file my_file-v4.cif (mmCIF, C-alpha atoms)
data_entry
#
loop_
_atom_site.label_atom_id
_atom_site.label_comp_id
_atom_site.auth_asym_id
_atom_site.auth_seq_id
_atom_site.Cartn_x
_atom_site.Cartn_y
_atom_site.Cartn_z
CA MET A 1 0.00 0.00 0.00
CA ARG A 2 2.83 2.38 0.90
CA VAL A 3 4.44 1.69 -2.45
CA ILE A 4 1.22 2.65 -4.25
CA TRP A 5 0.98 5.86 -2.25
CA ALA A 6 4.61 6.63 -2.97
CA ILE A 7 4.03 6.08 -6.70
CA VAL A 8 0.89 8.25 -6.66
CA LEU A 9 2.59 11.05 -4.75
CA GLY A 10 5.73 10.76 -6.83
CA GLY A 11 3.68 10.98 -10.00
CA LEU A 12 1.82 13.99 -8.64
CA LEU A 13 5.02 15.77 -7.72
CA TRP A 14 6.51 14.95 -11.09
CA ALA A 15 3.44 16.29 -12.87
CA LEU A 16 3.51 19.52 -10.91
CA PRO A 17 3.97 22.70 -12.86
CA PRO A 18 7.29 24.25 -11.91
CA SER A 19 7.17 26.68 -9.05
CA PRO A 20 7.52 30.31 -10.05
CA SER A 21 10.97 31.71 -10.26
CA ALA A 22 13.11 32.25 -7.22
CA PRO A 23 12.02 35.04 -4.92
CA THR A 24 14.24 37.66 -6.42
CA SER A 25 13.14 41.18 -5.74
CA GLN A 26 12.15 43.14 -8.79
CA ARG A 27 12.34 46.48 -7.07
CA GLY A 28 15.98 46.76 -7.94
CA ASP A 29 15.11 46.26 -11.61
CA GLN A 30 12.40 48.91 -11.64
CA ALA A 31 14.67 51.59 -12.94
CA GLY A 32 15.33 49.63 -16.12
CA ASP A 33 12.16 47.71 -16.92
CA PRO A 34 9.20 49.71 -18.24
CA ASP A 35 6.77 46.82 -17.69
CA VAL A 36 7.74 46.47 -14.03
CA LEU A 37 7.40 50.22 -13.60
CA ARG A 38 4.01 50.26 -15.29
CA GLU A 39 2.78 47.53 -12.92
CA ALA A 40 4.25 49.31 -9.89
CA ASN A 41 2.56 52.54 -10.97
CA ARG A 42 -0.76 50.76 -11.48
CA ILE A 43 -0.56 49.39 -7.95
CA LEU A 44 0.35 52.80 -6.52
CA GLU A 45 -2.56 54.47 -8.32
CA GLU A 46 -5.00 51.96 -6.84
CA GLU A 47 -3.36 52.05 -3.43
CA ILE A 48 -3.56 55.83 -3.16
CA LYS A 49 -7.33 55.55 -3.52
CA LEU A 50 -7.54 52.82 -0.88
CA ALA A 51 -5.18 54.60 1.51
CA ALA A 52 -7.27 57.77 1.33
CA ARG A 53 -10.04 56.02 3.27
CA PRO A 54 -9.96 54.77 6.88
CA GLN A 55 -9.67 51.06 6.18
CA ILE A 56 -7.29 48.13 6.31
CA TYR A 57 -6.41 46.48 3.00
CA LEU A 58 -4.18 43.74 1.64
CA LEU A 59 -1.38 44.06 -0.89
CA LEU A 60 -0.31 40.75 -2.35
CA ASP A 61 3.12 41.22 -3.91
CA LEU A 62 3.80 38.19 -6.10
CA PRO A 63 7.28 39.19 -7.38
CA ASP A 64 8.48 39.88 -3.85
CA ARG A 65 6.52 36.95 -2.34
CA LEU A 66 4.93 39.04 0.34
CA ILE A 67 1.48 39.81 1.75
CA ALA A 68 1.27 43.21 3.39
CA ILE A 69 -1.59 44.17 5.69
CA LYS A 70 -1.82 47.90 5.16
CA GLY A 71 -3.57 51.04 6.28
CA ARG A 72 -2.96 54.61 5.04
CA GLY A 73 -0.20 53.27 2.80
CA ILE A 74 1.73 51.93 5.80
CA ASP A 75 2.76 48.30 6.18
CA LEU A 76 1.12 47.20 9.44
CA HIS A 77 2.17 43.57 9.15
CA ARG A 78 3.94 41.39 6.60
CA LEU A 79 3.47 37.71 5.85
CA PRO A 80 5.99 35.86 3.66
CA ILE A 81 4.73 33.72 0.77
CA THR A 82 6.58 30.43 0.42
CA ALA A 83 5.35 29.76 -3.12
CA TRP A 84 2.50 30.69 -5.43
CA GLN A 85 0.80 29.66 -8.64
CA THR A 86 -1.72 31.49 -10.74
CA VAL A 87 -4.32 30.89 -13.39
CA GLU A 88 -5.11 33.95 -15.52
CA GLU A 89 -2.61 36.17 -13.73
CA ARG A 90 -3.13 38.88 -16.30
CA ALA A 91 -6.74 39.26 -15.11
CA MET A 92 -5.66 40.00 -11.54
CA ALA A 93 -5.78 43.76 -12.04
CA GLY A 94 -7.95 46.20 -10.12
CA VAL A 95 -9.28 46.07 -6.58
CA PHE A 96 -10.83 42.83 -5.31
CA ARG A 97 -13.13 42.71 -2.28
CA LEU A 98 -13.39 39.75 0.05
CA ARG A 99 -16.73 37.98 -0.34
CA ALA A 100 -16.20 34.73 1.55
CA ARG A 101 -13.66 33.56 4.08
CA PRO A 102 -13.26 30.51 6.32
CA GLN A 103 -15.86 30.26 9.04
CA VAL A 104 -14.60 29.94 12.58
CA VAL A 105 -16.58 28.08 15.20
CA ARG A 106 -17.07 30.52 18.06
CA PRO A 107 -17.40 29.08 21.55
CA LYS A 108 -20.71 29.96 23.17
CA ALA A 109 -20.97 30.75 26.83
CA ALA A 110 -24.00 30.19 28.96
CA PRO A 111 -24.28 32.48 32.00
CA PRO A 112 -22.85 32.42 34.54
CA ASP A 113 -19.88 30.90 32.66
CA ASP A 114 -17.12 33.32 31.83
CA PRO A 115 -17.25 33.68 28.03
CA THR A 116 -13.60 34.71 27.96
CA GLN A 117 -12.37 31.44 29.47
CA ASP A 118 -12.32 29.65 26.12
CA PRO A 119 -11.35 32.33 23.62
CA ILE A 120 -10.57 32.03 19.93
CA GLU A 121 -6.85 32.25 19.41
CA LEU A 122 -4.56 32.38 16.41
CA LYS A 123 -3.91 28.64 16.65
CA ASP A 124 -7.64 28.01 16.24
CA MET A 125 -7.54 29.51 12.76
CA PRO A 126 -7.43 27.18 9.76
CA ALA A 127 -4.14 26.70 7.90
CA ALA A 128 -5.80 25.60 4.63
CA TYR A 129 -8.77 27.47 3.23
CA GLU A 130 -10.17 29.45 0.35
CA LEU A 131 -10.82 33.16 0.07
CA LEU A 132 -13.32 34.32 -2.55
CA PHE A 133 -13.31 37.84 -3.90
CA ASP A 134 -15.37 40.11 -6.12
CA PRO A 135 -14.78 40.49 -9.03
CA THR A 136 -14.29 36.74 -9.37
CA LEU A 137 -11.04 35.62 -7.83
CA ALA A 138 -10.35 32.49 -5.80
CA VAL A 139 -7.34 32.36 -3.50
CA THR A 140 -6.50 28.97 -2.04
CA VAL A 141 -4.15 28.95 0.92
CA ALA A 142 -2.26 25.94 2.27
CA PRO A 143 0.91 25.22 4.22
CA PRO A 144 4.01 23.78 2.51
CA PHE A 145 4.20 20.07 1.67
CA GLN A 146 6.82 19.58 4.39
CA GLU A 147 4.51 20.98 7.10
CA ARG A 148 1.11 19.50 6.16
CA PRO A 149 1.43 17.13 3.17
CA TRP A 150 -2.25 16.27 2.89
CA LEU A 151 -3.46 19.89 3.04
CA TRP A 152 -0.87 20.82 0.43
CA VAL A 153 -2.00 18.05 -1.93
CA LYS A 154 -5.64 19.01 -1.38
CA SER A 155 -4.96 22.65 -2.22
CA LEU A 156 -3.03 21.60 -5.32
CA MET A 157 -5.96 19.48 -6.49
CA ARG A 158 -8.39 22.29 -5.74
CA HIS A 159 -6.26 24.81 -7.62
CA SER A 160 -5.92 22.44 -10.58
CA TRP A 161 -9.66 21.97 -10.65
CA LEU A 162 -10.27 25.73 -10.51
CA GLY A 163 -7.79 26.17 -13.35
CA VAL A 164 -9.54 23.60 -15.53
CA ALA A 165 -12.96 25.06 -14.68
CA SER A 166 -11.71 28.54 -15.55
CA TRP A 167 -10.37 27.29 -18.87
CA ILE A 168 -13.64 25.54 -19.71
CA ARG A 169 -15.67 28.63 -18.78
CA SER A 170 -13.58 30.98 -20.88
CA ALA A 171 -13.55 28.49 -23.78
CA ALA A 172 -17.31 28.03 -23.60
CA ALA A 173 -18.01 31.73 -23.28
CA ILE A 174 -15.73 32.52 -26.23
CA ASP A 175 -15.57 35.97 -24.67
CA GLU A 176 -11.98 36.56 -23.58
CA LYS A 177 -13.16 38.75 -20.73
CA ALA A 178 -15.00 35.83 -19.11
CA THR A 179 -12.01 34.88 -16.98
CA SER A 180 -11.90 33.36 -13.51
CA PRO A 181 -8.44 34.01 -12.12
CA CYS A 182 -7.20 31.75 -9.34
CA LEU A 183 -4.26 32.07 -7.06
CA ARG A 184 -2.73 29.33 -4.94
CA LEU A 185 -0.62 30.51 -2.03
CA THR A 186 1.68 28.32 0.00
CA LEU A 187 2.18 29.94 3.39
CA SER A 188 3.71 28.65 6.60
CA VAL A 189 1.09 27.43 9.07
CA GLU A 190 1.50 30.57 11.19
CA ALA A 191 1.31 32.93 8.20
CA ALA A 192 -1.77 31.11 6.88
CA GLN A 193 -3.46 31.37 10.28
CA SER A 194 -2.47 35.03 10.61
CA LEU A 195 -3.99 35.79 7.21
CA ALA A 196 -7.20 33.93 8.12
CA TRP A 197 -7.32 35.93 11.34
CA SER A 198 -6.72 39.30 9.72
CA VAL A 199 -9.10 39.24 6.76
CA THR A 200 -12.51 40.80 7.22
CA ASP A 201 -15.61 40.84 5.04
CA GLY A 202 -15.31 43.30 2.19
CA MET A 203 -11.60 43.83 2.75
CA PRO A 204 -9.94 45.25 -0.38
CA LEU A 205 -7.10 43.34 -2.05
CA LEU A 206 -4.51 44.50 -4.57
CA ILE A 207 -2.23 42.11 -6.43
CA ARG A 208 1.12 43.12 -7.84
CA ARG A 209 1.64 40.79 -10.79
CA THR A 210 4.76 39.48 -12.44
CA MET A 211 3.36 39.90 -15.93
CA PRO A 212 1.60 43.20 -16.49
CA MET B 213 46.97 42.88 -75.06
CA LYS B 214 48.52 42.15 -71.77
CA VAL B 215 46.31 40.19 -69.31
CA LEU B 216 46.05 41.66 -65.83
CA PRO B 217 47.45 39.47 -63.05
CA PRO B 218 44.71 37.80 -60.94
CA LEU B 219 45.59 39.73 -57.74
CA SER B 220 45.06 43.06 -59.48
CA VAL B 221 41.65 41.90 -60.71
CA PHE B 222 40.58 41.17 -57.19
CA VAL B 223 41.85 44.51 -55.89
CA LEU B 224 40.03 46.34 -58.69
CA ILE B 225 36.77 44.50 -58.01
CA GLY B 226 37.09 45.31 -54.30
CA VAL B 227 37.64 49.02 -54.96
CA LEU B 228 34.68 49.14 -57.37
CA PHE B 229 32.48 47.37 -54.82
CA LEU B 230 33.42 49.82 -52.09
CA LEU B 231 32.78 52.76 -54.42
CA ALA B 232 29.40 51.37 -55.43
CA SER B 233 28.48 50.78 -51.82
CA HIS B 234 29.41 54.32 -50.91
CA LEU B 235 27.41 55.80 -53.78
CA ARG B 236 24.36 53.60 -53.04
CA GLY B 237 24.13 54.90 -49.49
CA PRO B 238 23.96 52.96 -46.21
CA SER B 239 23.20 49.24 -46.33
CA GLU B 240 20.02 47.80 -44.86
CA ALA B 241 21.81 46.79 -41.70
CA GLU B 242 23.39 50.20 -41.36
CA GLY B 243 19.99 51.77 -41.98
CA ASN B 244 18.49 49.78 -39.16
CA ALA B 245 21.26 50.89 -36.86
CA ALA B 246 20.62 54.49 -37.82
CA ASN B 247 16.89 54.09 -37.17
CA LEU B 248 17.63 52.61 -33.75
CA GLU B 249 18.68 55.94 -32.37
CA PRO B 250 15.21 57.54 -32.39
CA HIS B 251 13.78 54.29 -31.04
CA LYS B 252 16.27 54.30 -28.18
CA ARG B 253 15.51 57.95 -27.51
CA SER B 254 11.79 57.15 -27.40
CA ALA B 255 12.32 54.22 -25.01
CA ALA B 256 14.50 56.33 -22.75
CA SER B 257 11.90 59.09 -22.78
CA GLU B 258 9.14 56.59 -21.89
CA LEU B 259 11.27 55.19 -19.11
CA SER B 260 11.98 58.59 -17.63
CA ARG B 261 8.27 59.45 -17.85
CA LEU B 262 7.38 56.24 -16.00
CA LEU B 263 10.05 56.90 -13.38
CA ALA B 264 8.83 60.44 -12.82
CA ARG B 265 5.28 59.16 -12.46
CA HIS B 266 6.50 56.49 -10.04
CA VAL B 267 8.24 59.03 -7.83
CA SER B 268 5.17 61.28 -7.88
CA LEU B 269 2.83 58.39 -6.96
CA ARG B 270 5.09 57.26 -4.13
CA HIS B 271 5.03 60.80 -2.79
CA GLN B 272 1.23 60.91 -3.02
CA LEU B 273 0.96 57.60 -1.15
CA ALA B 274 3.36 58.76 1.56
CA GLN B 275 1.12 61.78 2.08
CA GLN B 276 -1.75 59.47 3.08
CA ALA B 277 0.19 58.30 6.16
CA PRO B 278 -0.70 59.95 9.49
CA ALA B 279 1.30 63.09 10.09
CA GLY B 280 1.69 62.51 13.83
CA HIS B 281 1.53 59.55 16.17
CA TYR B 282 -0.69 56.61 15.34
CA ILE B 283 -1.64 53.44 17.19
CA VAL B 284 -1.47 49.98 15.63
CA VAL B 285 -3.11 46.99 17.31
CA ASP B 286 -2.28 43.43 16.26
CA THR B 287 -5.19 41.40 17.65
CA ALA B 288 -3.70 38.06 16.55
CA HIS B 289 -0.58 38.56 18.65
CA ASN B 290 -2.10 40.91 21.25
CA ARG B 291 0.35 43.73 20.75
CA LEU B 292 -0.20 47.50 20.68
CA TYR B 293 2.29 49.83 19.02
CA VAL B 294 2.54 53.60 19.05
CA ASN B 295 4.32 54.73 15.89
CA ARG B 296 5.37 57.98 14.34
CA HIS B 297 6.25 57.81 10.64
CA GLN B 298 8.16 54.53 10.35
CA ALA B 299 9.50 54.62 13.93
CA VAL B 300 7.99 52.44 16.66
CA LEU B 301 7.89 54.51 19.85
CA LEU B 302 6.17 51.96 22.08
CA THR B 303 5.50 48.23 21.96
CA ALA B 304 3.01 47.03 24.57
CA LEU B 305 1.57 43.66 25.49
CA ALA B 306 -2.21 43.86 25.26
CA SER B 307 -5.33 41.80 25.62
CA THR B 308 -7.94 41.96 22.88
CA GLY B 309 -11.33 40.41 22.15
CA SER B 310 -12.00 36.75 22.89
CA GLY B 311 -14.22 36.21 19.86
CA THR B 312 -16.73 34.26 21.93
CA ILE B 313 -20.51 34.58 21.89
CA LEU B 314 -22.85 35.24 24.78
CA ASN B 315 -26.55 34.63 24.26
CA ASP B 316 -29.12 36.60 26.21
CA PRO B 317 -31.14 33.98 28.09
CA ASP B 318 -34.11 36.34 28.49
CA ARG B 319 -34.27 37.50 24.89
CA PRO B 320 -33.82 34.65 22.42
CA GLY B 321 -31.96 35.79 19.32
CA THR B 322 -30.10 38.50 21.17
CA LYS B 323 -26.38 37.83 21.44
CA TRP B 324 -23.07 39.56 21.89
CA ILE B 325 -19.90 38.71 19.97
CA PHE B 326 -16.83 39.74 21.93
CA ASP B 327 -14.58 40.81 19.06
CA THR B 328 -12.22 43.75 18.97
CA PRO B 329 -13.37 45.67 15.88
CA ARG B 330 -10.96 45.70 12.92
CA GLY B 331 -10.28 48.68 10.71
CA GLU B 332 -9.19 52.26 11.18
CA PHE B 333 -10.59 54.33 14.02
CA SER B 334 -9.48 57.41 15.89
CA ILE B 335 -9.20 58.43 19.52
CA GLN B 336 -12.46 60.17 20.37
CA ALA B 337 -12.21 60.49 24.13
CA LYS B 338 -9.41 60.72 26.71
CA LEU B 339 -10.55 59.98 30.24
CA THR B 340 -8.73 59.98 33.55
CA ASN B 341 -9.92 57.82 36.45
CA PRO B 342 -12.61 56.31 34.25
CA VAL B 343 -15.70 54.73 35.71
CA TRP B 344 -17.06 51.64 33.99
CA VAL B 345 -20.71 51.81 33.07
CA LYS B 346 -21.51 48.13 33.03
CA PRO B 347 -23.46 47.05 29.97
CA ASP B 348 -26.19 44.39 30.05
CA TRP B 349 -23.86 41.53 29.10
CA ALA B 350 -21.65 42.22 32.14
CA PHE B 351 -24.57 41.37 34.43
CA LEU B 352 -25.77 38.46 32.33
CA GLU B 353 -22.41 36.74 32.25
CA GLU B 354 -22.32 36.97 36.06
CA GLY B 355 -25.74 35.35 36.15
CA LEU B 356 -27.33 38.54 37.51
CA ALA B 357 -30.43 40.39 36.43
CA VAL B 358 -29.93 43.58 34.47
CA PRO B 359 -30.61 46.45 36.94
CA THR B 360 -33.25 49.05 36.29
CA ASP B 361 -31.42 51.64 38.38
CA PRO B 362 -28.59 53.20 36.29
CA GLU B 363 -26.61 53.89 39.49
CA GLN B 364 -26.05 50.17 39.86
CA ARG B 365 -24.14 50.09 36.59
CA PHE B 366 -21.27 52.31 37.74
CA GLU B 367 -18.10 50.57 38.79
CA SER B 368 -14.88 52.43 39.53
CA ASP B 369 -11.26 51.25 39.86
CA VAL B 370 -11.55 48.50 37.24
CA LEU B 371 -10.38 50.29 34.09
CA GLY B 372 -7.09 51.69 35.40
CA ASP B 373 -6.07 55.33 35.55
CA TYR B 374 -6.89 56.19 31.94
CA ALA B 375 -9.26 55.19 29.17
CA LEU B 376 -9.07 56.16 25.51
CA GLY B 377 -12.31 55.73 23.60
CA PHE B 378 -12.08 54.92 19.90
CA GLY B 379 -15.79 54.69 19.12
CA LYS B 380 -18.86 52.46 19.51
CA GLY B 381 -18.17 52.00 23.22
CA TYR B 382 -14.72 50.48 22.74
CA PHE B 383 -11.80 51.70 24.87
CA ILE B 384 -8.11 51.22 25.40
CA HIS B 385 -7.89 50.92 29.18
CA GLY B 386 -6.08 49.30 32.11
CA THR B 387 -6.78 45.99 33.75
CA LEU B 388 -6.89 44.19 37.07
CA TYR B 389 -5.86 41.01 35.27
CA ALA B 390 -2.30 41.77 34.13
CA ARG B 391 -1.52 38.04 34.08
CA LEU B 392 -3.89 37.68 31.11
CA LEU B 393 -2.07 40.27 28.98
CA GLY B 394 -0.99 38.72 25.68
CA LYS B 395 -4.18 36.67 25.48
CA ASN B 396 -7.52 37.12 23.74
CA VAL B 397 -9.72 37.48 26.79
CA THR B 398 -11.58 40.78 26.58
CA HIS B 399 -15.10 41.68 25.54
CA GLY B 400 -13.73 43.79 22.68
CA CYS B 401 -11.82 46.54 24.49
CA ILE B 402 -8.02 46.67 24.45
CA ARG B 403 -6.38 46.20 27.84
CA LEU B 404 -2.89 47.39 28.72
CA GLN B 405 -0.78 47.35 31.83
CA ASP B 406 -0.58 50.60 33.82
CA ASP B 407 2.81 51.91 32.59
CA ASP B 408 2.02 51.28 28.94
CA LEU B 409 -1.44 52.79 29.33
CA GLN B 410 0.06 55.97 30.75
CA LYS B 411 2.51 56.26 27.83
CA VAL B 412 -0.24 55.68 25.27
CA TYR B 413 -2.36 58.30 27.00
CA GLN B 414 0.49 60.81 26.88
CA LEU B 415 1.40 60.11 23.24
CA SER B 416 -2.19 60.24 21.98
CA LYS B 417 -4.53 63.09 21.41
CA ILE B 418 -8.08 63.36 20.16
CA GLY B 419 -8.00 62.30 16.52
CA THR B 420 -4.96 60.04 16.80
CA PRO B 421 -5.57 57.18 14.31
CA VAL B 422 -6.01 53.66 15.70
CA MET B 423 -5.43 50.93 13.12
CA ILE B 424 -6.59 47.50 14.24
CA PHE B 425 -6.01 44.29 12.31
#

call {"tool": "encode", "arguments": {"input": "my_file-v4.cif", "output": "structure tokens"}}
result
Amino acid sequence: MRVIWAIVLGGLLWALPPSPSAPTSQRGDQAGDPDVLREANRILEEEIKLAARPQIYLLLDLPDRLIAIKGRGIDLHRLPITAWQTVEERAMAGVFRLRARPQVVRPKAAPPDDPTQDPIELKDMPAAYELLFDPTLAVTVAPPFQERPWLWVKSLMRHSWLGVASWIRSAAAIDEKATSPCLRLTLSVEAAQSLAWSVTDGMPLLIRRTMP
Amino acid sequence: MKVLPPLSVFVLIGVLFLLASHLRGPSEAEGNAANLEPHKRSAASELSRLLARHVSLRHQLAQQAPAGHYIVVDTAHNRLYVNRHQAVLLTALASTGSGTILNDPDRPGTKWIFDTPRGEFSIQAKLTNPVWVKPDWAFLEEGLAVPTDPEQRFESDVLGDYALGFGKGYFIHGTLYARLLGKNVTHGCIRLQDDDLQKVYQLSKIGTPVMIF
């Protein structure tokens, strides 16, 4: 049985699309690459509008492999991205708003119990989940294979399925604008839980892409 | 007639070829190279335009940041920071909302969720020697009836020396339970130990932004 599992997993790993390039920072190249500058300027234009309002928003920086929780243009907290994969990356422009996030089971207290005795903590947050945004964008989050192999494989299968579904939808619709971009993030367990903790309904998201 | 030696023929052909080339003008390859100059100039101009725009946008974004002190609260790790520009002036251990639910036994469907609100707020009130006006849930979670006499809601010496209100009844205040700092145990307010609370009180003023995530 173990041999079969090893063959299945080995085959899966072999069939994996290669991980995006090494996490080299593109900021240093900005001065020389018009496309990188155009993308950076697009992000800044959107971010200025978001930062003008009293709200917390997310900036997902794919080239720098970083998620920044921001307010007023300031980085409040940063979460490193271990790896990522996209479907329809080109369509990840504009501001996305969080529509659905993982549900957390809240402990209920019955008086005279102290409701603060059994609080929700960071470790109670899920490490593998899906965030859905408007306009259509699905972000699947999972820890690295080394930390939680099964969750990682599940997220890979989910992402692959979303990719195929997106392709079928765009092919059936013939309309090139009918895209369903998907993003698969591999985050450490703590970073994944921190992200699940920090996102709120309607939270705006910006994505800095590698290919403007 | 004397036949020219082969070497001379080659030299003559070479000279004629060079002359013809010169008279014909630049070759295709040379023409491309000549046309490259305007293209390069255009690319450089586009690049400098993009760079100028980038610098301007960065400046505009920087202007959105608070001009003075601002408070950042990390509810996941129960930390409160007082910052100014990029400098962290104070890091304090805090207690934030427990995230639990309390149902009202007398009114089915009525419940309280003890979350610290997320988003950007601002300091709206600065109080010294604050008195806690106990809300309904405070009585219910003790298994007591909600009093009809408002006087019975007042409780002093439980919020510390200072309280900073940031809206909707939420405060940054002191605590009698310092051993629980660093944990998610509150009903939504942000608790600090006495020394940190005093510093936050001194560094803040009405309008100081409070960013909670």

call {"tool": "interface_residues", "arguments": {"input": "my_file-v4.cif", "of": "chain A", "to": "chain B", "cutoff": "9 Å", "atoms": "all atoms listed in the file", "output": "ChimeraX atom specification"}}
result
/A:30-34,37-38,40-41,44-45,47-49,51-57,69,71-74,76-77,106-122,194,197-200

call {"tool": "closest_residue", "arguments": {"input": "my_file-v4.cif", "among": "B:Thr308, B:Leu415, B:Thr360, B:Phe378", "to": "Leu292 in chain B", "atoms": "only C-alpha atoms"}}
result
B:Thr308

call {"tool": "axis_aligned_box", "arguments": {"input": "my_file-v4.cif", "around": "range 255-266 of chain B", "padding_each_side": "3 Å", "output": "AutoDock Vina command-line options"}}
result
--center_x 9.9 --center_y 57.3 --center_z -17.5 --size_x 15.2 --size_y 12.2 --size_z 21.0

call {"tool": "atom_distance", "arguments": {"input": "my_file-v4.cif", "atom1": "CA of Leu137 in chain A", "atom2": "CA of Asp124 in chain A"}}
result
25.5 Å

call {"tool": "resolve_selection", "arguments": {"input": "my_file-v4.cif", "expression": "the PyMOL selection byres ((chain A and resi 85) around 7)", "output": "list in words"}}
result
Pro20, Trp84, Thr86, Leu183, Arg184 and Leu185 of chain A

call {"tool": "resolve_selection", "arguments": {"input": "my_file-v4.cif", "expression": "the PyMOL selection byres ((chain A and resi 96) around 6)", "output": "MDAnalysis selection string"}}
result
chainID A and resid 95 97 133:135 204:205

call {"tool": "residues_around", "arguments": {"input": "my_file-v4.cif", "residues": "Ala375 in chain B", "least_positions_apart": "5", "cutoff": "12 Å", "atoms": "all atoms listed in the file", "output": "PyMOL selection string"}}
result
chain B and resi 335-344+369-370+381-387+401-406+408-414+416

call {"tool": "closest_residue", "arguments": {"input": "my_file-v4.cif", "among": "B:Glu367, B:Asp318, B:Gly372, B:His281", "to": "Leu302 in chain B", "atoms": "all atoms listed in the file"}}
result
B:His281

call {"tool": "atom_distance", "arguments": {"input": "my_file-v4.cif", "atom1": "CA of Thr328 in chain B", "atom2": "CA of Asp75 in chain A"}}
result
20.2 Å

call {"tool": "residues_around", "arguments": {"input": "my_file-v4.cif", "residues": "Leu195 in chain A", "least_positions_apart": "5", "cutoff": "12 Å", "atoms": "only C-alpha atoms", "output": "PyMOL selection string"}}
result
(chain A and resi 57-60+66-69+77-81+101-102+122-123+125-131+139-142+185-190+200+203) or (chain B and resi 286-288+425)

call {"tool": "atom_distance", "arguments": {"input": "my_file-v4.cif", "atom1": "CA of Arg158 in chain A", "atom2": "CA of Asp64 in chain A"}}
result
24.4 Å

call {"tool": "build_atoms", "arguments": {"input": "my_file-v4.cif", "residues": "range 75-79 of chain A", "atoms": "all heavy atoms", "output": "tab-separated table (two decimals), keeping the file's coordinate frame"}}
result
chain	number	residue	atom	x	y	z
A	75	ASP	N	2.75	49.74	5.92
A	75	ASP	CA	2.76	48.30	6.18
A	75	ASP	C	2.53	48.08	7.67
A	75	ASP	O	3.38	48.42	8.49
A	75	ASP	CB	4.11	47.69	5.80
A	75	ASP	CG	4.23	47.46	4.31
A	75	ASP	OD1	3.35	47.95	3.57
A	75	ASP	OD2	5.19	46.80	3.88
A	76	LEU	N	1.39	47.48	8.03
A	76	LEU	CA	1.12	47.20	9.44
A	76	LEU	C	1.69	45.84	9.83
A	76	LEU	O	2.12	45.63	10.96
A	76	LEU	CB	-0.39	47.22	9.70
A	76	LEU	CG	-1.13	48.50	9.31
A	76	LEU	CD1	-2.62	48.35	9.55
A	76	LEU	CD2	-0.59	49.69	10.08
A	77	HIS	N	1.67	44.92	8.86
A	77	HIS	CA	2.17	43.57	9.15
A	77	HIS	C	2.51	42.92	7.82
A	77	HIS	O	1.87	43.20	6.80
A	77	HIS	CB	1.09	42.77	9.88
A	77	HIS	CG	1.59	41.51	10.51
A	77	HIS	ND1	2.53	41.49	11.50
A	77	HIS	CD2	1.29	40.20	10.27
A	77	HIS	CE1	2.76	40.24	11.88
A	77	HIS	NE2	2.03	39.44	11.14
A	78	ARG	N	3.53	42.06	7.84
A	78	ARG	CA	3.94	41.39	6.60
A	78	ARG	C	3.96	39.88	6.81
A	78	ARG	O	4.41	39.41	7.84
A	78	ARG	CB	5.34	41.84	6.19
A	78	ARG	CG	5.38	43.25	5.67
A	78	ARG	CD	6.79	43.66	5.37
A	78	ARG	NE	6.84	44.84	4.53
A	78	ARG	CZ	7.82	45.14	3.72
A	78	ARG	NH1	8.87	44.33	3.63
A	78	ARG	NH2	7.79	46.22	3.00
A	79	LEU	N	3.47	39.18	5.80
A	79	LEU	CA	3.47	37.71	5.85
A	79	LEU	C	4.22	37.21	4.62
A	79	LEU	O	3.88	37.57	3.49
A	79	LEU	CB	2.03	37.19	5.81
A	79	LEU	CG	1.10	37.67	6.92
A	79	LEU	CD1	-0.36	37.31	6.60
A	79	LEU	CD2	1.50	37.06	8.25
